[in-house]
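target.cif (mmCIF, C-alpha atoms)
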data_protein
#
loop_
_atom_site.label_atom_id
_atom_site.label_comp_id
_atom_site.auth_asym_id
_atom_site.auth_seq_id
_atom_site.Cartn_x
_atom_site.Cartn_y
_atom_site.Cartn_z
CA MET Q 30 25.91 -6.08 -2.16
CA SER Q 31 22.23 -5.45 -2.68
CA ARG Q 32 20.27 -3.81 0.09
CA VAL Q 33 17.35 -6.01 -0.81
CA ASP Q 34 17.08 -9.15 1.27
CA SER Q 35 16.37 -12.15 -0.89
CA VAL Q 36 12.81 -13.31 -0.26
CA LEU Q 37 13.10 -16.33 -2.52
CA VAL Q 38 15.09 -18.08 -5.17
CA MET Q 39 12.62 -18.78 -7.94
CA PRO Q 40 13.10 -20.25 -11.39
CA VAL Q 41 12.65 -17.59 -14.02
CA SER Q 42 10.97 -20.12 -16.34
CA ALA Q 43 11.74 -22.94 -18.64
CA LEU Q 44 13.77 -21.28 -21.37
CA PRO Q 45 12.90 -21.78 -25.01
CA VAL Q 46 15.54 -24.46 -25.40
CA LEU Q 47 13.59 -26.43 -27.96
CA ALA Q 48 14.84 -24.33 -30.82
CA GLN Q 49 18.43 -24.90 -29.72
CA MET Q 50 18.27 -28.67 -29.32
CA PRO Q 51 19.71 -31.11 -31.84
CA LEU Q 52 17.09 -33.14 -33.63
CA VAL Q 53 17.45 -36.89 -33.66
CA GLY Q 54 15.41 -39.81 -34.89
CA ALA Q 55 12.20 -39.47 -36.83
CA ASN Q 56 10.19 -37.31 -34.50
CA LYS Q 57 11.63 -36.92 -31.01
CA PRO Q 58 14.32 -34.49 -29.74
CA ALA Q 59 17.37 -35.59 -27.84
CA SER Q 60 17.52 -35.58 -24.06
CA THR Q 61 17.24 -32.12 -22.52
CA SER Q 62 19.04 -32.89 -19.28
CA SER Q 63 22.06 -30.70 -20.01
CA TYR Q 64 19.92 -27.82 -21.19
CA ALA Q 65 17.53 -27.99 -18.26
CA SER Q 66 20.20 -28.33 -15.59
CA GLY Q 67 22.25 -25.49 -17.09
CA SER Q 68 19.32 -23.12 -17.57
CA PHE Q 69 18.34 -23.21 -13.92
CA ARG Q 70 21.84 -23.01 -12.42
CA ASN Q 71 22.04 -20.27 -9.75
CA LEU Q 72 18.26 -19.88 -9.91
CA VAL Q 73 16.87 -22.86 -8.02
CA SER Q 74 18.05 -25.29 -5.41
CA ALA Q 75 19.27 -28.72 -6.44
CA LYS Q 76 15.98 -30.22 -5.39
CA GLU Q 77 13.93 -27.72 -7.36
CA SER Q 78 16.25 -27.94 -10.33
CA GLY Q 79 15.77 -31.68 -10.52
CA PHE Q 80 12.02 -31.28 -10.33
CA LEU Q 81 11.89 -28.62 -13.01
CA LYS Q 82 14.21 -30.58 -15.24
CA GLY Q 83 11.70 -33.41 -14.97
CA VAL Q 84 8.92 -31.05 -15.96
CA VAL Q 85 10.81 -30.07 -19.10
CA GLU Q 86 11.64 -33.66 -19.94
CA ARG Q 87 8.03 -34.75 -19.47
CA LYS Q 88 6.90 -31.96 -21.74
CA LEU Q 89 9.31 -33.17 -24.38
CA SER Q 90 8.81 -36.91 -24.06
CA SER Q 91 5.04 -37.29 -23.90
CA THR Q 92 3.44 -38.23 -27.20
CA ASP Q 93 -0.12 -37.50 -26.13
CA GLY Q 94 -1.23 -34.34 -27.89
CA GLN Q 95 2.27 -32.95 -28.30
CA LEU Q 96 4.03 -31.51 -31.31
CA TRP Q 97 7.30 -33.16 -32.16
CA PHE Q 98 10.06 -31.85 -34.35
CA ASN Q 99 11.02 -33.95 -37.33
CA SER Q 100 14.64 -33.73 -38.42
CA THR Q 101 13.92 -34.23 -42.11
CA ARG Q 102 10.31 -33.34 -42.82
CA GLY Q 103 9.51 -30.70 -40.19
CA PHE Q 104 7.11 -31.86 -37.51
CA ALA Q 105 4.16 -34.17 -36.94
CA ALA Q 106 1.13 -33.21 -34.89
CA SER Q 107 -1.03 -35.48 -32.77
CA GLY Q 108 -2.60 -38.21 -34.84
CA GLY Q 109 0.41 -38.36 -37.12
CA GLN Q 110 -0.82 -35.54 -39.36
CA GLN Q 111 1.88 -33.41 -40.95
CA HIS Q 112 1.48 -29.71 -41.69
CA LYS Q 113 3.18 -28.38 -44.81
CA THR Q 114 4.22 -24.79 -44.31
CA PHE Q 115 7.04 -23.98 -46.70
CA GLY Q 116 6.67 -25.79 -49.98
CA GLU Q 117 7.39 -29.32 -51.06
CA GLU Q 118 10.89 -29.51 -49.58
CA GLY Q 119 10.56 -27.09 -46.70
CA TYR Q 120 8.84 -27.96 -43.46
CA ILE Q 121 9.47 -25.81 -40.42
CA ALA Q 122 9.01 -26.53 -36.74
CA PRO Q 123 6.42 -24.55 -34.76
CA HIS Q 124 7.36 -21.74 -32.39
CA PRO Q 125 9.20 -23.13 -29.33
CA GLY Q 126 6.33 -22.07 -27.09
CA MET Q 127 3.85 -24.23 -28.99
CA LYS Q 128 4.34 -27.52 -27.19
CA GLU Q 129 0.80 -28.82 -27.43
CA SER Q 130 -1.46 -29.77 -30.27
CA ILE Q 131 -2.65 -27.20 -32.79
CA VAL Q 132 -6.21 -27.68 -31.56
CA GLY Q 133 -5.40 -27.21 -27.87
CA VAL Q 134 -2.52 -24.73 -27.69
CA LYS Q 135 -1.56 -24.03 -24.10
CA GLU Q 136 -2.57 -20.67 -22.64
CA ASN Q 137 0.85 -19.71 -21.28
CA ALA Q 138 4.13 -20.04 -23.15
CA PHE Q 139 6.22 -19.83 -19.96
CA GLU Q 140 6.49 -22.66 -17.47
CA GLY Q 141 4.74 -21.96 -14.20
CA PRO Q 142 6.78 -21.70 -10.99
CA ALA Q 143 7.16 -24.75 -8.75
CA TYR Q 144 7.40 -24.15 -5.01
CA SER Q 145 7.95 -26.45 -2.07
CA THR Q 146 5.32 -26.50 0.69
CA GLU Q 147 7.91 -25.33 3.20
CA TYR Q 148 8.79 -22.33 1.11
CA VAL Q 149 5.28 -21.01 0.39
CA GLU Q 150 4.38 -21.30 4.08
CA SER Q 151 7.47 -19.29 5.00
CA VAL Q 152 6.72 -16.27 2.79
CA LYS Q 153 5.69 -13.26 4.87
CA PRO Q 154 5.24 -9.54 4.15
CA LYS Q 155 8.55 -7.66 3.91
CA HIS Q 156 9.34 -4.02 3.44
CA LEU Q 157 12.29 -2.18 1.95
CA GLN Q 158 12.68 1.14 3.75
CA PRO Q 159 12.76 3.85 1.06
CA THR Q 160 15.86 6.04 1.21
CA LYS Q 161 16.69 6.96 -2.37
CA LEU Q 162 14.65 9.32 -4.54
CA ASN Q 163 13.34 6.57 -6.82
CA GLU Q 164 12.32 4.48 -3.80
CA ARG Q 165 10.53 7.33 -2.03
CA LEU Q 166 8.72 8.27 -5.21
CA GLY Q 167 7.62 4.69 -5.90
CA PHE Q 168 6.61 4.13 -2.27
CA HIS Q 169 4.41 7.23 -1.97
CA VAL Q 170 2.69 6.63 -5.30
CA VAL Q 171 1.84 3.09 -4.18
CA ARG Q 172 0.53 4.34 -0.83
CA LEU Q 173 -1.74 6.81 -2.63
CA MET Q 174 -3.00 4.16 -5.05
CA ARG Q 175 -3.53 1.65 -2.25
CA GLY Q 176 -5.64 4.12 -0.29
CA ILE Q 177 -7.87 4.81 -3.27
CA PHE Q 178 -8.13 1.12 -4.18
CA ASP Q 179 -8.96 0.08 -0.59
CA TRP Q 180 -11.76 2.63 -0.51
CA ALA Q 181 -13.11 1.61 -3.92
CA THR Q 182 -13.16 -2.11 -3.06
CA ARG Q 183 -14.34 -1.60 0.55
CA TYR Q 184 -11.31 -3.47 1.77
CA GLY Q 185 -11.34 -4.31 5.45
CA PRO Q 186 -11.54 -7.04 8.09
CA ASN Q 187 -14.95 -8.34 7.02
CA MET Q 188 -14.49 -9.27 3.36
CA THR Q 189 -16.95 -11.55 1.60
CA GLU Q 190 -15.95 -13.92 -1.19
CA ALA Q 191 -17.45 -11.58 -3.80
CA MET Q 192 -15.48 -8.63 -2.37
CA TRP Q 193 -12.27 -10.63 -2.40
CA LEU Q 194 -12.73 -11.71 -5.99
CA ARG Q 195 -13.58 -8.19 -7.18
CA ARG Q 196 -10.43 -6.93 -5.50
CA VAL Q 197 -7.95 -9.54 -6.69
CA ILE Q 198 -9.31 -9.69 -10.24
CA PHE Q 199 -9.02 -5.92 -10.63
CA LEU Q 200 -5.62 -5.96 -8.94
CA GLU Q 201 -4.27 -8.54 -11.38
CA THR Q 202 -5.50 -6.61 -14.44
CA VAL Q 203 -3.28 -3.75 -13.26
CA ALA Q 204 -0.35 -5.85 -12.02
CA GLY Q 205 0.12 -7.43 -15.45
CA VAL Q 206 0.84 -4.08 -17.12
CA PRO Q 207 4.28 -2.94 -15.80
CA GLY Q 208 6.25 -6.00 -16.89
CA MET Q 209 4.79 -5.89 -20.38
CA VAL Q 210 5.40 -2.15 -20.79
CA ALA Q 211 8.96 -2.35 -19.48
CA GLY Q 212 9.74 -5.42 -21.56
CA MET Q 213 8.27 -3.81 -24.67
CA LEU Q 214 10.26 -0.60 -24.20
CA ARG Q 215 13.50 -2.48 -23.64
CA HIS Q 216 12.74 -4.63 -26.68
CA LEU Q 217 12.23 -1.53 -28.82
CA ARG Q 218 15.39 0.03 -27.43
CA SER Q 219 17.35 -3.09 -28.36
CA LEU Q 220 15.97 -2.83 -31.90
CA ARG Q 221 16.79 0.88 -32.18
CA THR Q 222 20.30 0.65 -30.82
CA MET Q 223 20.96 -2.76 -32.41
CA GLU Q 224 22.44 -3.92 -29.12
CA LYS Q 225 21.76 -6.74 -26.67
CA ASP Q 226 19.43 -6.16 -23.75
CA ASN Q 227 21.54 -8.00 -21.15
CA GLY Q 228 18.74 -10.35 -20.20
CA TRP Q 229 16.04 -8.03 -18.84
CA ILE Q 230 13.31 -8.59 -21.44
CA HIS Q 231 12.61 -12.22 -20.63
CA THR Q 232 12.30 -11.59 -16.87
CA LEU Q 233 9.96 -8.61 -17.37
CA LEU Q 234 7.71 -10.42 -19.83
CA GLU Q 235 7.55 -13.44 -17.60
CA GLU Q 236 6.39 -11.23 -14.75
CA ALA Q 237 3.57 -9.91 -16.92
CA GLU Q 238 2.65 -13.44 -18.00
CA ASN Q 239 2.62 -14.66 -14.42
CA GLU Q 240 0.25 -11.86 -13.37
CA ARG Q 241 -2.01 -12.66 -16.32
CA MET Q 242 -2.19 -16.28 -15.19
CA HIS Q 243 -3.26 -15.03 -11.75
CA LEU Q 244 -6.10 -13.19 -13.46
CA LEU Q 245 -7.17 -16.16 -15.57
CA THR Q 246 -7.15 -18.37 -12.48
CA PHE Q 247 -9.40 -16.11 -10.42
CA MET Q 248 -11.67 -15.66 -13.43
CA GLN Q 249 -12.59 -19.32 -12.98
CA LEU Q 250 -14.33 -18.30 -9.76
CA ARG Q 251 -16.16 -15.18 -10.92
CA GLN Q 252 -17.11 -13.61 -14.24
CA PRO Q 253 -17.20 -9.79 -13.95
CA GLY Q 254 -20.12 -7.85 -15.36
CA PRO Q 255 -20.14 -5.09 -17.99
CA LEU Q 256 -19.53 -2.23 -15.53
CA PHE Q 257 -16.51 -3.98 -14.00
CA ARG Q 258 -15.07 -4.69 -17.45
CA ALA Q 259 -15.57 -1.07 -18.46
CA MET Q 260 -13.64 0.05 -15.39
CA VAL Q 261 -10.83 -2.34 -16.29
CA ILE Q 262 -10.63 -0.88 -19.81
CA LEU Q 263 -10.51 2.69 -18.49
CA SER Q 264 -7.95 1.96 -15.79
CA GLN Q 265 -5.77 -0.03 -18.17
CA GLY Q 266 -5.76 2.76 -20.73
CA LEU Q 267 -4.81 5.32 -18.10
CA PHE Q 268 -2.26 3.20 -16.26
CA PHE Q 269 -0.58 1.85 -19.40
CA ASN Q 270 0.09 5.30 -20.79
CA LEU Q 271 1.23 6.78 -17.48
CA TYR Q 272 3.59 3.89 -16.85
CA PHE Q 273 4.84 4.03 -20.45
CA VAL Q 274 5.86 7.68 -20.09
CA ALA Q 275 7.22 7.17 -16.57
CA TYR Q 276 9.42 4.26 -17.66
CA LEU Q 277 10.87 6.34 -20.47
CA LEU Q 278 11.72 9.13 -18.00
CA TYR Q 279 12.72 7.27 -14.83
CA PRO Q 280 12.87 3.45 -15.08
CA ARG Q 281 14.41 3.01 -11.64
CA ALA Q 282 11.43 4.72 -10.01
CA CYS Q 283 9.12 2.46 -12.01
CA HIS Q 284 10.83 -0.68 -10.74
CA SER Q 285 10.70 0.69 -7.19
CA PHE Q 286 6.99 1.37 -7.72
CA VAL Q 287 6.41 -2.25 -8.75
CA GLY Q 288 8.51 -3.49 -5.85
CA TYR Q 289 6.33 -1.63 -3.34
CA LEU Q 290 3.14 -2.52 -5.22
CA GLU Q 291 3.99 -6.20 -4.88
CA GLU Q 292 4.80 -5.70 -1.19
CA GLU Q 293 1.18 -4.61 -0.81
CA ALA Q 294 0.00 -7.62 -2.80
CA VAL Q 295 1.84 -9.93 -0.39
CA LYS Q 296 0.03 -8.22 2.50
CA THR Q 297 -3.31 -8.63 0.75
CA TYR Q 298 -2.86 -12.34 0.05
CA THR Q 299 -1.59 -12.88 3.61
CA HIS Q 300 -4.88 -11.36 4.79
CA ALA Q 301 -6.78 -13.73 2.47
CA LEU Q 302 -4.90 -16.69 3.92
CA ALA Q 303 -5.84 -15.56 7.43
CA ASP Q 304 -9.51 -15.48 6.38
CA ILE Q 305 -9.19 -18.96 4.88
CA ASP Q 306 -7.58 -20.33 8.04
CA ALA Q 307 -10.33 -18.71 10.12
CA GLY Q 308 -13.01 -20.45 8.05
CA LYS Q 309 -14.36 -17.22 6.56
CA LEU Q 310 -13.33 -17.82 2.94
CA TRP Q 311 -13.14 -20.69 0.41
CA VAL Q 312 -13.41 -23.42 3.03
CA LYS Q 313 -12.09 -26.63 1.43
CA ARG Q 314 -12.86 -25.27 -2.03
CA PRO Q 315 -10.71 -27.01 -4.66
CA ALA Q 316 -8.28 -25.00 -6.73
CA PRO Q 317 -9.26 -24.50 -10.39
CA PRO Q 318 -7.65 -26.99 -12.82
CA ILE Q 319 -5.76 -24.16 -14.56
CA ALA Q 320 -4.01 -23.39 -11.25
CA ILE Q 321 -3.12 -27.02 -10.57
CA LYS Q 322 -1.52 -27.26 -14.00
CA TYR Q 323 0.28 -23.92 -13.95
CA TRP Q 324 1.76 -24.14 -10.44
CA ASN Q 325 2.23 -27.91 -10.54
CA LEU Q 326 -0.01 -28.26 -7.49
CA ALA Q 327 -1.22 -31.57 -6.10
CA PRO Q 328 -4.34 -32.94 -7.84
CA ASP Q 329 -6.36 -32.38 -4.67
CA ALA Q 330 -5.05 -28.84 -4.07
CA ASN Q 331 -7.47 -26.34 -2.57
CA MET Q 332 -7.79 -22.57 -2.63
CA ARG Q 333 -5.40 -22.19 0.27
CA ASP Q 334 -2.69 -23.92 -1.75
CA LEU Q 335 -3.43 -21.59 -4.66
CA ILE Q 336 -3.25 -18.41 -2.56
CA LEU Q 337 0.04 -19.58 -1.07
CA ALA Q 338 1.49 -19.95 -4.57
CA VAL Q 339 0.15 -16.57 -5.72
CA ARG Q 340 1.59 -14.87 -2.63
CA ALA Q 341 4.98 -16.47 -3.37
CA ASP Q 342 4.80 -15.10 -6.92
CA GLU Q 343 4.12 -11.59 -5.63
CA ALA Q 344 7.02 -11.82 -3.17
CA CYS Q 345 9.26 -12.79 -6.07
CA HIS Q 346 8.13 -9.83 -8.18
CA SER Q 347 8.75 -7.47 -5.27
CA HIS Q 348 12.26 -8.79 -4.73
CA VAL Q 349 13.13 -8.76 -8.44
CA ASN Q 350 11.92 -5.21 -9.03
CA HIS Q 351 13.58 -3.80 -5.93
CA ARG Q 352 16.83 -5.34 -7.19
CA LEU Q 353 16.35 -4.05 -10.75
CA ALA Q 354 15.72 -0.58 -9.34
CA GLU Q 355 19.28 -0.57 -8.00
CA LEU Q 356 20.80 -1.23 -11.42
CA ALA Q 357 21.61 0.96 -14.37
CA PRO Q 358 19.54 0.13 -17.47
CA THR Q 359 22.65 -1.26 -19.16
CA ASP Q 360 23.65 -3.58 -16.29
CA PRO Q 361 23.25 -7.35 -16.78
CA ASN Q 362 20.13 -8.94 -15.34
CA PRO Q 363 21.26 -10.69 -12.12
CA PHE Q 364 18.36 -13.14 -12.33
CA VAL Q 365 19.69 -14.82 -15.45
CA GLY Q 366 21.59 -18.04 -14.82
CA GLU Q 367 25.26 -18.04 -15.78
CA SER Q 368 24.90 -20.76 -18.42
CA SER Q 369 21.68 -19.34 -19.84
CA ILE Q 370 23.15 -15.92 -20.65
CA LYS Q 371 23.54 -16.93 -24.28
CA HIS Q 372 19.78 -17.54 -24.46
CA GLN Q 373 18.46 -14.60 -22.44
CA GLN Q 374 20.98 -11.84 -23.11
CA LEU Q 375 19.53 -11.49 -26.57
#

Now, as a test, write the supplied structure out as C-alpha cells.
Amino acid sequence: MSRVDSVLVMPVSALPVLAQMPLVGANKPASTSSYASGSFRNLVSAKESGFLKGVVERKLSSTDGQLWFNSTRGFAASGGQQHKTFGEEGYIAPHPGMKESIVGVKENAFEGPAYSTEYVESVKPKHLQPTKLNERLGFHVVRLMRGIFDWATRYGPNMTEAMWLRRVIFLETVAGVPGMVAGMLRHLRSLRTMEKDNGWIHTLLEEAENERMHLLTFMQLRQPGPLFRAMVILSQGLFFNLYFVAYLLYPRACHSFVGYLEEEAVKTYTHALADIDAGKLWVKRPAPPIAIKYWNLAPDANMRDLILAVRADEACHSHVNHRLAELAPTDPNPFVGESSIKHQQL
C-alpha cells in the first residue's frame, strides 16, 4: 500500500476518444456515453463521472463553432465549409484535440478538472515525511529553492496584489516544466525501445498543461514587463536543463522533488485564500473568463473560487508525483483507469 495519503481523486482528463469513435450519419459522431463512463472509471466519483460525461457529450453535440467528423467526406467546419486535405477522394478528420472551429482553436487540448465546492474547500496543506534517499533529496532541494524564491519575491504576511501576481506567475512558469520534461523523456524512451510506456506520458503532459493554464489565467490580471520576462527565460533555460539531466539520472528523486514543490504551492495558495477572506486581496473580483471555462466554474465565479481550484490542482500534482516516486519506471501508471488502459498505455 502506498505511504502517500490520497488528497483527492481527480479526473486525469477527457481522453482523446474522438479518434476511436464510430462515425455515423452525415456529420455527427455516435453517443459517447460508454467511452466517457469507461474512461473515468476508478478516477472520479459517480457524481463527478456523470458531470464529466456530460461535458464530453456537450462538446460533441453542439453545432455552434464545432468541427464534426464526416463518415464519407471527412469533416465540415462551422458554416458548412469543407476542407480538402488529401486529394479528391481523401478527406481526413482533424486532430482529436481540435474540437473547435479552425478560426478559434481552443487553447488547451485537455479537459479542465471539475471539482465540487465541498472538495475544494476541504483541501489543506499536507506533508509526506521524507525517509528515503529520493525523498530527502527532493525535499531539501525544494526547501533551498523556496528560501531563495521567498527572498526574491519578498514573500511574507503583508503581500500586495502586485506582489502576489509576480510570485504566482513566476511560480507557474517553473511548475509547468517538470511534467513536460518527464513526459518528453518517457516518450523518447518509448520510441527508442519500441515499447509501451504503461500510461505515464499522458499524466505527465497533462500536469504540464494544467500548470500552463494556471499561468495563462493569472496573465489575465497582470502583464509582466521586459525584465520579468528576461528572468523567466533565464530561469527556464537553467531549470529545464538541470531537470532534464536529473530525470535521466534519478527519476524517482525528480518526482519526489515535484511532490514537495507542489506541497509548497498548496501552502502558498492557502495563504492567498486567507488574504482574500481577510479582505486584503481580490475582494469580490470576478474570475477571468478563461478560468470559468477551463475549471467549469459558475458564471459569476470570483477570484476566491479560482484560487480554490488552483490549490486543488496543486494538491493533485503533489499526490500524483509522490506516488510516482514510489514506482519503478516500468511500473504501470496507477492513475490510469482500468478501461482506459488501451488508450493511455500507448

Neighbouring residues of region 235-237 of chain Q were defined as those with any atom within 6 Å, considering all atoms listed in the file; residues of the same chain fewer than 4 positions away were excluded. Please report them as a list of chain:residue names.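 Listed by chain and then number, they are Q:Gly205, Q:Gly208, Q:Met209.
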
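With the shown file loaded, the PyMOL selection byres ((chain Q and resi 318-327) around 7) picks out Gly141, Pro142, Ala143, Thr246, Ala316, Pro317, Pro328, Asp329, Ala330 and Leu335 of chain Q.
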
With a cut-off of 9 Å, could you pull out the residues of region 151-210 of chain Q touching region 278-301 of chain Q and give me the nearest pair of atoms for each, distance in Å to one decimal, using only C-alpha atoms, ordered by chain and ascending number, as JSON lines?
{"residue": "Q:Val152", "atom": "CA", "partner": "Q:Val295", "partner_atom": "CA", "distance": 8.6}
{"residue": "Q:Lys153", "atom": "CA", "partner": "Q:Val295", "partner_atom": "CA", "distance": 7.3}
{"residue": "Q:Pro154", "atom": "CA", "partner": "Q:Lys296", "partner_atom": "CA", "distance": 5.6}
{"residue": "Q:Lys155", "atom": "CA", "partner": "Q:Glu292", "partner_atom": "CA", "distance": 6.6}
{"residue": "Q:His156", "atom": "CA", "partner": "Q:Glu292", "partner_atom": "CA", "distance": 6.7}
{"residue": "Q:Leu157", "atom": "CA", "partner": "Q:Tyr289", "partner_atom": "CA", "distance": 8.0}
{"residue": "Q:Leu162", "atom": "CA", "partner": "Q:Ala282", "partner_atom": "CA", "distance": 7.8}
{"residue": "Q:Asn163", "atom": "CA", "partner": "Q:Ala282", "partner_atom": "CA", "distance": 4.2}
{"residue": "Q:Glu164", "atom": "CA", "partner": "Q:Ser285", "partner_atom": "CA", "distance": 5.3}
{"residue": "Q:Arg165", "atom": "CA", "partner": "Q:Ser285", "partner_atom": "CA", "distance": 8.4}
{"residue": "Q:Leu166", "atom": "CA", "partner": "Q:Ala282", "partner_atom": "CA", "distance": 6.6}
{"residue": "Q:Gly167", "atom": "CA", "partner": "Q:Phe286", "partner_atom": "CA", "distance": 3.8}
{"residue": "Q:Phe168", "atom": "CA", "partner": "Q:Tyr289", "partner_atom": "CA", "distance": 5.9}
{"residue": "Q:His169", "atom": "CA", "partner": "Q:Phe286", "partner_atom": "CA", "distance": 8.6}
{"residue": "Q:Val170", "atom": "CA", "partner": "Q:Phe286", "partner_atom": "CA", "distance": 7.2}
{"residue": "Q:Val171", "atom": "CA", "partner": "Q:Leu290", "partner_atom": "CA", "distance": 5.9}
{"residue": "Q:Arg172", "atom": "CA", "partner": "Q:Leu290", "partner_atom": "CA", "distance": 8.6}
{"residue": "Q:Arg175", "atom": "CA", "partner": "Q:Glu293", "partner_atom": "CA", "distance": 8.0}
{"residue": "Q:Pro186", "atom": "CA", "partner": "Q:His300", "partner_atom": "CA", "distance": 8.6}
{"residue": "Q:Met188", "atom": "CA", "partner": "Q:Ala301", "partner_atom": "CA", "distance": 9.0}
{"residue": "Q:Trp193", "atom": "CA", "partner": "Q:Ala301", "partner_atom": "CA", "distance": 8.0}
{"residue": "Q:Val197", "atom": "CA", "partner": "Q:Thr297", "partner_atom": "CA", "distance": 8.8}
{"residue": "Q:Leu200", "atom": "CA", "partner": "Q:Ala294", "partner_atom": "CA", "distance": 8.5}
{"residue": "Q:Ala204", "atom": "CA", "partner": "Q:Val287", "partner_atom": "CA", "distance": 8.3}
{"residue": "Q:Pro207", "atom": "CA", "partner": "Q:Val287", "partner_atom": "CA", "distance": 7.4}
{"residue": "Q:Gly208", "atom": "CA", "partner": "Q:Val287", "partner_atom": "CA", "distance": 9.0}

Selected residues, C-alpha atoms, written as a tab-separated table (two decimals), keeping the file's coordinate frame, please.
chain	number	residue	atom	x	y	z
Q	152	VAL	CA	6.72	-16.27	2.79
Q	153	LYS	CA	5.69	-13.26	4.87
Q	154	PRO	CA	5.24	-9.54	4.15
Q	155	LYS	CA	8.55	-7.66	3.91
Q	156	HIS	CA	9.34	-4.02	3.44
Q	157	LEU	CA	12.29	-2.18	1.95
Q	162	LEU	CA	14.65	9.32	-4.54
Q	163	ASN	CA	13.34	6.57	-6.82
Q	164	GLU	CA	12.32	4.48	-3.80
Q	165	ARG	CA	10.53	7.33	-2.03
Q	166	LEU	CA	8.72	8.27	-5.21
Q	167	GLY	CA	7.62	4.69	-5.90
Q	168	PHE	CA	6.61	4.13	-2.27
Q	169	HIS	CA	4.41	7.23	-1.97
Q	170	VAL	CA	2.69	6.63	-5.30
Q	171	VAL	CA	1.84	3.09	-4.18
Q	172	ARG	CA	0.53	4.34	-0.83
Q	175	ARG	CA	-3.53	1.65	-2.25
Q	186	PRO	CA	-11.54	-7.04	8.09
Q	188	MET	CA	-14.49	-9.27	3.36
Q	193	TRP	CA	-12.27	-10.63	-2.40
Q	197	VAL	CA	-7.95	-9.54	-6.69
Q	200	LEU	CA	-5.62	-5.96	-8.94
Q	204	ALA	CA	-0.35	-5.85	-12.02
Q	207	PRO	CA	4.28	-2.94	-15.80
Q	208	GLY	CA	6.25	-6.00	-16.89

Between CA of Leu173 (chain Q) and CA of Leu310 (chain Q), what is the distance in Å, rounded to a tenth?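 Interatomic distance, CA of Leu173 (chain Q) to CA of Leu310 (chain Q): 27.8 Å.
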
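If you look at CA of Asp306 (chain Q) and CA of Phe199 (chain Q), they are 23.6 Å away from each other.
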
Could you tell me which residues the PyMOL selection byres ((chain Q and resi 353) around 9) grabs in this file, written as a VMD selection string? chain Q and resid 281 284 to 285 348 to 352 354 to 358 362 to 363

What residues come out when you apply the PyMOL selection byres ((chain Q and resi 261) around 12) to this file, written as an NGL selection string? :Q and (195-196 or 198-204 or 206 or 253-260 or 262-269)

Just give me the gap between CA of Val312 (chain Q) and CA of His243 (chain Q) in Å, one decimal is fine.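 So the answer is 19.8 Å.
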
For Val210 (chain Q), which residue among Q:Val274, Q:Ile305, Q:Cys345, Q:Val365 is the nearest when counting all atoms listed in the file?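 Residue with the minimum atom-to-atom distance to Val210 (chain Q): Q:Val274.
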
Rank Q:Asp179, Q:Leu277, Q:Ser151, Q:Gly228 by their smallest atom-to-atom distance to Leu214 (chain Q), using all atoms listed in the file, and report the top residue only.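 Result for the nearest residue to Leu214 (chain Q): Q:Leu277.
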
Minimum-distance residue to Ala275 (chain Q), chosen among Q:Ile336, Q:Ala211, Q:Glu147, Q:Thr359 (using all atoms listed in the file):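 Checking each of Q:Ile336, Q:Ala211, Q:Glu147, Q:Thr359 against Ala275 (chain Q), counting all atoms listed in the file, the winner is Q:Ala211.
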